[in-house]
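Listing of data_37.cif; format and content: mmCIF, N, CA and C atoms.
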```
data_data
#
loop_
_atom_site.label_atom_id
_atom_site.label_comp_id
_atom_site.auth_asym_id
_atom_site.auth_seq_id
_atom_site.Cartn_x
_atom_site.Cartn_y
_atom_site.Cartn_z
N GLY A 1 -31.28 173.49 36.79
CA GLY A 1 -29.85 173.66 36.65
C GLY A 1 -29.10 172.39 37.01
N ALA A 2 -27.82 172.51 37.03
CA ALA A 2 -26.93 171.39 37.34
C ALA A 2 -27.04 171.02 38.82
N TYR A 3 -26.86 169.76 39.11
CA TYR A 3 -26.92 169.27 40.48
C TYR A 3 -25.68 169.71 41.23
N ASN A 4 -25.88 170.28 42.40
CA ASN A 4 -24.77 170.74 43.24
C ASN A 4 -25.02 170.23 44.65
N PRO A 5 -24.16 169.31 45.15
CA PRO A 5 -24.39 168.75 46.48
C PRO A 5 -24.26 169.77 47.60
N TYR A 6 -23.69 170.93 47.31
CA TYR A 6 -23.52 171.97 48.33
C TYR A 6 -24.65 172.99 48.32
N ASP A 7 -25.56 172.86 47.38
CA ASP A 7 -26.71 173.75 47.28
C ASP A 7 -27.76 173.27 48.28
N VAL A 8 -28.22 174.17 49.15
CA VAL A 8 -29.20 173.81 50.19
C VAL A 8 -30.46 173.22 49.57
N ALA A 9 -30.84 173.67 48.40
CA ALA A 9 -32.04 173.17 47.75
C ALA A 9 -31.91 171.68 47.39
N HIS A 10 -30.70 171.22 47.22
CA HIS A 10 -30.47 169.82 46.86
C HIS A 10 -30.03 168.96 48.05
N GLU A 11 -30.02 169.54 49.23
CA GLU A 11 -29.50 168.85 50.41
C GLU A 11 -30.22 167.52 50.69
N LEU A 12 -31.54 167.51 50.63
CA LEU A 12 -32.29 166.28 50.92
C LEU A 12 -32.04 165.21 49.87
N LYS A 13 -31.96 165.62 48.60
CA LYS A 13 -31.66 164.65 47.54
C LYS A 13 -30.27 164.07 47.75
N TRP A 14 -29.32 164.93 48.08
CA TRP A 14 -27.94 164.49 48.30
C TRP A 14 -27.88 163.50 49.47
N GLU A 15 -28.57 163.81 50.55
CA GLU A 15 -28.56 162.94 51.73
C GLU A 15 -29.20 161.58 51.40
N ALA A 16 -30.29 161.60 50.67
CA ALA A 16 -30.95 160.34 50.29
C ALA A 16 -30.03 159.50 49.41
N LEU A 17 -29.33 160.13 48.49
CA LEU A 17 -28.40 159.43 47.62
C LEU A 17 -27.23 158.86 48.43
N ARG A 18 -26.72 159.62 49.38
CA ARG A 18 -25.61 159.18 50.23
C ARG A 18 -26.03 157.96 51.05
N VAL A 19 -27.23 158.00 51.64
CA VAL A 19 -27.73 156.89 52.45
C VAL A 19 -27.92 155.65 51.57
N GLN A 20 -28.48 155.83 50.38
CA GLN A 20 -28.69 154.71 49.47
C GLN A 20 -27.36 154.05 49.10
N ARG A 21 -26.35 154.85 48.79
CA ARG A 21 -25.03 154.31 48.45
C ARG A 21 -24.41 153.57 49.63
N MET A 22 -24.55 154.13 50.83
CA MET A 22 -23.99 153.49 52.01
C MET A 22 -24.68 152.16 52.29
N GLN A 23 -26.00 152.11 52.16
CA GLN A 23 -26.73 150.87 52.38
C GLN A 23 -26.29 149.80 51.38
N HIS A 24 -26.12 150.20 50.13
CA HIS A 24 -25.67 149.26 49.10
C HIS A 24 -24.27 148.74 49.44
N LYS A 25 -23.39 149.63 49.85
CA LYS A 25 -22.02 149.25 50.18
C LYS A 25 -21.99 148.28 51.37
N LEU A 26 -22.78 148.56 52.40
CA LEU A 26 -22.83 147.69 53.58
C LEU A 26 -23.44 146.33 53.24
N ARG A 27 -24.47 146.32 52.41
CA ARG A 27 -25.10 145.07 51.99
C ARG A 27 -24.09 144.24 51.19
N TYR A 28 -23.34 144.89 50.30
CA TYR A 28 -22.34 144.19 49.49
C TYR A 28 -21.25 143.61 50.39
N ARG A 29 -20.79 144.38 51.38
CA ARG A 29 -19.77 143.88 52.30
C ARG A 29 -20.27 142.65 53.06
N GLY A 30 -21.53 142.69 53.47
CA GLY A 30 -22.12 141.55 54.15
C GLY A 30 -22.16 140.32 53.26
N GLN A 31 -22.47 140.53 51.98
CA GLN A 31 -22.50 139.41 51.04
C GLN A 31 -21.11 138.82 50.86
N ILE A 32 -20.10 139.68 50.71
CA ILE A 32 -18.73 139.21 50.55
C ILE A 32 -18.30 138.43 51.79
N LEU A 33 -18.65 138.92 52.97
CA LEU A 33 -18.31 138.23 54.21
C LEU A 33 -18.97 136.85 54.26
N SER A 34 -20.21 136.75 53.83
CA SER A 34 -20.90 135.45 53.80
C SER A 34 -20.20 134.47 52.87
N ILE A 35 -19.81 134.94 51.69
CA ILE A 35 -19.11 134.08 50.74
C ILE A 35 -17.75 133.67 51.31
N PHE A 36 -17.05 134.62 51.91
CA PHE A 36 -15.73 134.37 52.52
C PHE A 36 -15.84 133.28 53.59
N ARG A 37 -16.85 133.38 54.43
CA ARG A 37 -17.06 132.38 55.49
C ARG A 37 -17.40 131.01 54.90
N ARG A 38 -18.26 130.99 53.90
CA ARG A 38 -18.65 129.74 53.26
C ARG A 38 -17.42 129.03 52.68
N GLN A 39 -16.50 129.80 52.14
CA GLN A 39 -15.28 129.25 51.53
C GLN A 39 -14.15 129.08 52.54
N LYS A 40 -14.45 129.38 53.80
CA LYS A 40 -13.45 129.27 54.87
C LYS A 40 -12.20 130.09 54.58
N GLY A 41 -12.40 131.23 53.91
CA GLY A 41 -11.30 132.14 53.63
C GLY A 41 -10.36 131.71 52.52
N LEU A 42 -10.79 130.73 51.73
CA LEU A 42 -9.93 130.20 50.67
C LEU A 42 -10.48 130.53 49.29
N CYS A 43 -9.58 130.72 48.34
CA CYS A 43 -9.96 130.92 46.94
C CYS A 43 -10.65 129.65 46.45
N ALA A 44 -11.78 129.80 45.80
CA ALA A 44 -12.55 128.64 45.33
C ALA A 44 -11.87 127.93 44.17
N LEU A 45 -10.85 128.52 43.58
CA LEU A 45 -10.18 127.88 42.46
C LEU A 45 -8.88 127.20 42.88
N CYS A 46 -7.98 127.95 43.53
CA CYS A 46 -6.67 127.38 43.88
C CYS A 46 -6.60 126.84 45.30
N GLY A 47 -7.56 127.20 46.16
CA GLY A 47 -7.58 126.69 47.52
C GLY A 47 -6.64 127.40 48.49
N GLN A 48 -5.97 128.45 48.03
CA GLN A 48 -5.07 129.21 48.90
C GLN A 48 -5.85 130.33 49.59
N ALA A 49 -5.28 130.85 50.66
CA ALA A 49 -5.95 131.88 51.46
C ALA A 49 -6.22 133.15 50.66
N VAL A 50 -7.39 133.70 50.88
CA VAL A 50 -7.78 135.00 50.32
C VAL A 50 -7.64 136.01 51.45
N SER A 51 -6.99 137.12 51.17
CA SER A 51 -6.78 138.13 52.21
C SER A 51 -6.78 139.52 51.59
N LYS A 52 -6.70 140.50 52.44
CA LYS A 52 -6.60 141.88 51.96
C LYS A 52 -5.35 142.04 51.10
N GLU A 53 -4.27 141.35 51.51
CA GLU A 53 -3.01 141.45 50.78
C GLU A 53 -3.08 140.79 49.40
N THR A 54 -3.73 139.63 49.31
CA THR A 54 -3.81 138.92 48.03
C THR A 54 -4.86 139.55 47.12
N GLY A 55 -5.86 140.14 47.74
CA GLY A 55 -6.98 140.69 46.98
C GLY A 55 -7.94 139.57 46.58
N TRP A 56 -9.09 139.96 46.09
CA TRP A 56 -10.09 138.99 45.65
C TRP A 56 -11.03 139.65 44.65
N HIS A 57 -11.67 138.82 43.87
CA HIS A 57 -12.71 139.26 42.96
C HIS A 57 -13.97 138.45 43.26
N ASP A 58 -15.10 139.07 43.10
CA ASP A 58 -16.41 138.46 43.28
C ASP A 58 -16.82 137.89 41.91
N HIS A 59 -16.74 136.57 41.77
CA HIS A 59 -16.95 135.90 40.48
C HIS A 59 -18.32 135.23 40.43
N HIS A 60 -19.01 135.40 39.32
CA HIS A 60 -20.27 134.70 39.07
C HIS A 60 -19.94 133.37 38.39
N VAL A 61 -20.27 132.26 39.02
CA VAL A 61 -19.96 130.94 38.49
C VAL A 61 -20.66 130.75 37.15
N ILE A 62 -21.95 131.00 37.12
CA ILE A 62 -22.69 131.05 35.85
C ILE A 62 -22.86 132.53 35.54
N ARG A 63 -22.24 132.95 34.45
CA ARG A 63 -22.26 134.37 34.10
C ARG A 63 -23.69 134.89 34.00
N ARG A 64 -23.87 136.12 34.42
CA ARG A 64 -25.21 136.71 34.36
C ARG A 64 -25.69 136.78 32.92
N VAL A 65 -24.80 137.03 31.99
CA VAL A 65 -25.17 137.10 30.58
C VAL A 65 -25.67 135.73 30.08
N ASP A 66 -25.26 134.66 30.77
CA ASP A 66 -25.71 133.31 30.41
C ASP A 66 -26.88 132.84 31.27
N GLY A 67 -27.51 133.76 31.98
CA GLY A 67 -28.67 133.43 32.79
C GLY A 67 -28.37 133.19 34.26
N GLY A 68 -27.12 133.37 34.67
CA GLY A 68 -26.76 133.21 36.08
C GLY A 68 -27.34 134.33 36.92
N SER A 69 -27.57 134.03 38.16
CA SER A 69 -28.16 135.02 39.06
C SER A 69 -27.08 135.75 39.86
N ASP A 70 -27.51 136.74 40.61
CA ASP A 70 -26.61 137.50 41.47
C ASP A 70 -26.72 137.00 42.92
N THR A 71 -27.28 135.81 43.10
CA THR A 71 -27.43 135.26 44.44
C THR A 71 -26.07 134.79 44.97
N LEU A 72 -26.00 134.61 46.28
CA LEU A 72 -24.76 134.16 46.90
C LEU A 72 -24.35 132.77 46.40
N ARG A 73 -25.32 131.93 46.08
CA ARG A 73 -25.01 130.57 45.60
C ARG A 73 -24.28 130.58 44.27
N ASN A 74 -24.45 131.62 43.49
CA ASN A 74 -23.82 131.71 42.17
C ASN A 74 -22.55 132.56 42.20
N ARG A 75 -22.14 132.96 43.37
CA ARG A 75 -20.96 133.82 43.47
C ARG A 75 -19.89 133.15 44.32
N THR A 76 -18.66 133.44 43.98
CA THR A 76 -17.52 132.87 44.69
C THR A 76 -16.38 133.88 44.68
N LEU A 77 -15.51 133.78 45.66
CA LEU A 77 -14.35 134.67 45.74
C LEU A 77 -13.14 133.97 45.14
N LEU A 78 -12.46 134.70 44.26
CA LEU A 78 -11.25 134.20 43.62
C LEU A 78 -10.15 135.25 43.73
N HIS A 79 -8.90 134.79 43.77
CA HIS A 79 -7.79 135.73 43.65
C HIS A 79 -7.90 136.41 42.28
N PRO A 80 -7.39 137.62 42.13
CA PRO A 80 -7.46 138.29 40.82
C PRO A 80 -6.88 137.44 39.68
N ASN A 81 -5.73 136.80 39.90
CA ASN A 81 -5.14 135.96 38.85
C ASN A 81 -5.99 134.73 38.57
N CYS A 82 -6.55 134.14 39.60
CA CYS A 82 -7.44 132.98 39.42
C CYS A 82 -8.70 133.40 38.66
N HIS A 83 -9.18 134.60 38.92
CA HIS A 83 -10.36 135.10 38.22
C HIS A 83 -10.06 135.25 36.73
N ALA A 84 -8.88 135.81 36.42
CA ALA A 84 -8.49 135.95 35.01
C ALA A 84 -8.38 134.58 34.35
N LEU A 85 -7.82 133.60 35.06
CA LEU A 85 -7.71 132.24 34.53
C LEU A 85 -9.09 131.64 34.29
N ALA A 86 -9.99 131.84 35.24
CA ALA A 86 -11.35 131.31 35.10
C ALA A 86 -12.02 131.85 33.85
N HIS A 87 -11.86 133.13 33.58
CA HIS A 87 -12.50 133.72 32.41
C HIS A 87 -11.79 133.34 31.12
N SER A 88 -10.50 133.13 31.17
CA SER A 88 -9.77 132.78 29.95
C SER A 88 -10.09 131.35 29.51
N ARG A 89 -10.41 130.48 30.45
CA ARG A 89 -10.69 129.07 30.14
C ARG A 89 -12.17 128.76 30.08
N GLN A 90 -13.00 129.67 30.51
CA GLN A 90 -14.43 129.39 30.64
C GLN A 90 -15.05 128.95 29.32
N LYS A 91 -14.61 129.51 28.22
CA LYS A 91 -15.21 129.18 26.93
C LYS A 91 -14.85 127.77 26.49
N ASP A 92 -13.61 127.35 26.78
CA ASP A 92 -13.14 126.04 26.33
C ASP A 92 -13.48 124.93 27.31
N THR A 93 -12.98 125.07 28.52
CA THR A 93 -13.14 124.04 29.54
C THR A 93 -13.55 124.69 30.85
N PRO A 94 -14.77 124.49 31.28
CA PRO A 94 -15.16 125.08 32.57
C PRO A 94 -14.29 124.54 33.70
N LEU A 95 -13.93 125.40 34.61
CA LEU A 95 -13.13 125.02 35.76
C LEU A 95 -14.04 124.54 36.88
N ARG A 96 -13.51 123.71 37.74
CA ARG A 96 -14.27 123.24 38.90
C ARG A 96 -13.94 124.13 40.07
N PHE A 97 -14.98 124.64 40.68
CA PHE A 97 -14.82 125.51 41.84
C PHE A 97 -15.16 124.72 43.09
N SER A 98 -14.37 124.93 44.12
CA SER A 98 -14.67 124.32 45.42
C SER A 98 -15.40 125.32 46.28
N GLY A 99 -15.87 124.89 47.41
CA GLY A 99 -16.50 125.80 48.36
C GLY A 99 -17.88 126.27 47.97
N LEU A 100 -18.52 125.58 47.05
CA LEU A 100 -19.85 126.01 46.63
C LEU A 100 -20.91 125.14 47.25
#
```
Let me see the file written as structure tokens.
Amino acid sequence: GAYNPYDVAHELKWEALRVQRMQHKLRYRGQILSIFRRQKGLCALCGQAVSKETGWHDHHVIRRVDGGSDTLRNRTLLHPNCHALAHSRQKDTPLRFSGL
């Protein structure tokens, strides 16, 4: 039948899924914190502060579709607007990122 997280028969599966999601979320937060520290809290494109208020995007410098990896060395934090700019210009003129 259909999966029901409130069904006792599915309780162990639900718990395993919840733990897996939490571990992924915590690992991702740790990665973002590492990138943030490496960049000294600054956007790698404009050099201005990245904060909860400004928001940020996790950008792959070399796109995964182009063979880039998901490692921390290939990722950088950008403001949402800077991220849009990076993708709009990426085809014509690659931008230079700092903090890498």
I'd like to know which residues of range 19-79 of chain A are alpha helix (DSSP H) (by DSSP, run on the backbone); could you write them as number ranges by chain? A: 19-38
Please identify the strand (DSSP E) residues within chain A (assignment by DSSP from backbone atoms) and present them as JSON, numbers by chain. {"A": [57, 58, 59, 60, 75, 76, 77, 78]}
Keeping only N, CA and C atoms, write those residues as a JSON list (two decimals), in the frame of the given file.
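After the write, again_1.json holds the following:
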```json
[["chain", "number", "residue", "atom", "x", "y", "z"],
["A", 57, "HIS", "N", -11.67, 138.82, 43.87],
["A", 57, "HIS", "CA", -12.71, 139.26, 42.96],
["A", 57, "HIS", "C", -13.97, 138.45, 43.26],
["A", 58, "ASP", "N", -15.10, 139.07, 43.10],
["A", 58, "ASP", "CA", -16.41, 138.46, 43.28],
["A", 58, "ASP", "C", -16.82, 137.89, 41.91],
["A", 59, "HIS", "N", -16.74, 136.57, 41.77],
["A", 59, "HIS", "CA", -16.95, 135.90, 40.48],
["A", 59, "HIS", "C", -18.32, 135.23, 40.43],
["A", 60, "HIS", "N", -19.01, 135.40, 39.32],
["A", 60, "HIS", "CA", -20.27, 134.70, 39.07],
["A", 60, "HIS", "C", -19.94, 133.37, 38.39],
["A", 75, "ARG", "N", -22.14, 132.96, 43.37],
["A", 75, "ARG", "CA", -20.96, 133.82, 43.47],
["A", 75, "ARG", "C", -19.89, 133.15, 44.32],
["A", 76, "THR", "N", -18.66, 133.44, 43.98],
["A", 76, "THR", "CA", -17.52, 132.87, 44.69],
["A", 76, "THR", "C", -16.38, 133.88, 44.68],
["A", 77, "LEU", "N", -15.51, 133.78, 45.66],
["A", 77, "LEU", "CA", -14.35, 134.67, 45.74],
["A", 77, "LEU", "C", -13.14, 133.97, 45.14],
["A", 78, "LEU", "N", -12.46, 134.70, 44.26],
["A", 78, "LEU", "CA", -11.25, 134.20, 43.62],
["A", 78, "LEU", "C", -10.15, 135.25, 43.73]]
```
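Put simply, CA of Gly30 in chain A is 16.2 Å away from atom C of Ser69 in chain A.
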Coordinates-based distance that separates CA of Asp58 in chain A from CA of Leu78 in chain A (Å, one decimal): 6.7 Å
Between A:Leu42, A:Trp56, A:Leu12, A:Ile35, which has the minimum distance to Arg75 in chain A (counting all atoms listed in the file)? A:Ile35
By how many Å are atom C of Gln39 in chain A and CA of Leu77 in chain A apart? 8.8 Å
Skip Asn74 in chain A itself and residues of its chain fewer than 3 positions away, then list as a ChimeraX atom specification all residues within 6 Å of it, counting all atoms listed in the file. /A:59-62,69-71
Fewer than 3 positions away in the same chain doesn't count, so skip those; otherwise give me all residues within 12 Å of Ala49 in chain A, counting only C-alpha atoms, as a ChimeraX atom specification. /A:36-37,39-46,52-56,77-79
Those same residues - N, CA and C atoms - I'd like them written as an mmCIF file, in the frame of the given file.
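out_27.cif was written with the following content:
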```cif
data_model
loop_
_atom_site.group_PDB
_atom_site.id
_atom_site.type_symbol
_atom_site.label_atom_id
_atom_site.label_comp_id
_atom_site.auth_asym_id
_atom_site.auth_seq_id
_atom_site.Cartn_x
_atom_site.Cartn_y
_atom_site.Cartn_z
ATOM 1 N N PHE A 36 -17.050 134.620 51.910
ATOM 2 C CA PHE A 36 -15.730 134.370 52.520
ATOM 3 C C PHE A 36 -15.840 133.280 53.590
ATOM 4 N N ARG A 37 -16.850 133.380 54.430
ATOM 5 C CA ARG A 37 -17.060 132.380 55.490
ATOM 6 C C ARG A 37 -17.400 131.010 54.900
ATOM 7 N N GLN A 39 -16.500 129.800 52.140
ATOM 8 C CA GLN A 39 -15.280 129.250 51.530
ATOM 9 C C GLN A 39 -14.150 129.080 52.540
ATOM 10 N N LYS A 40 -14.450 129.380 53.800
ATOM 11 C CA LYS A 40 -13.450 129.270 54.870
ATOM 12 C C LYS A 40 -12.200 130.090 54.580
ATOM 13 N N GLY A 41 -12.400 131.230 53.910
ATOM 14 C CA GLY A 41 -11.300 132.140 53.630
ATOM 15 C C GLY A 41 -10.360 131.710 52.520
ATOM 16 N N LEU A 42 -10.790 130.730 51.730
ATOM 17 C CA LEU A 42 -9.930 130.200 50.670
ATOM 18 C C LEU A 42 -10.480 130.530 49.290
ATOM 19 N N CYS A 43 -9.580 130.720 48.340
ATOM 20 C CA CYS A 43 -9.960 130.920 46.940
ATOM 21 C C CYS A 43 -10.650 129.650 46.450
ATOM 22 N N ALA A 44 -11.780 129.800 45.800
ATOM 23 C CA ALA A 44 -12.550 128.640 45.330
ATOM 24 C C ALA A 44 -11.870 127.930 44.170
ATOM 25 N N LEU A 45 -10.850 128.520 43.580
ATOM 26 C CA LEU A 45 -10.180 127.880 42.460
ATOM 27 C C LEU A 45 -8.880 127.200 42.880
ATOM 28 N N CYS A 46 -7.980 127.950 43.530
ATOM 29 C CA CYS A 46 -6.670 127.380 43.880
ATOM 30 C C CYS A 46 -6.600 126.840 45.300
ATOM 31 N N LYS A 52 -6.700 140.500 52.440
ATOM 32 C CA LYS A 52 -6.600 141.880 51.960
ATOM 33 C C LYS A 52 -5.350 142.040 51.100
ATOM 34 N N GLU A 53 -4.270 141.350 51.510
ATOM 35 C CA GLU A 53 -3.010 141.450 50.780
ATOM 36 C C GLU A 53 -3.080 140.790 49.400
ATOM 37 N N THR A 54 -3.730 139.630 49.310
ATOM 38 C CA THR A 54 -3.810 138.920 48.030
ATOM 39 C C THR A 54 -4.860 139.550 47.120
ATOM 40 N N GLY A 55 -5.860 140.140 47.740
ATOM 41 C CA GLY A 55 -6.980 140.690 46.980
ATOM 42 C C GLY A 55 -7.940 139.570 46.580
ATOM 43 N N TRP A 56 -9.090 139.960 46.090
ATOM 44 C CA TRP A 56 -10.090 138.990 45.650
ATOM 45 C C TRP A 56 -11.030 139.650 44.650
ATOM 46 N N LEU A 77 -15.510 133.780 45.660
ATOM 47 C CA LEU A 77 -14.350 134.670 45.740
ATOM 48 C C LEU A 77 -13.140 133.970 45.140
ATOM 49 N N LEU A 78 -12.460 134.700 44.260
ATOM 50 C CA LEU A 78 -11.250 134.200 43.620
ATOM 51 C C LEU A 78 -10.150 135.250 43.730
ATOM 52 N N HIS A 79 -8.900 134.790 43.770
ATOM 53 C CA HIS A 79 -7.790 135.730 43.650
ATOM 54 C C HIS A 79 -7.900 136.410 42.280
#
```
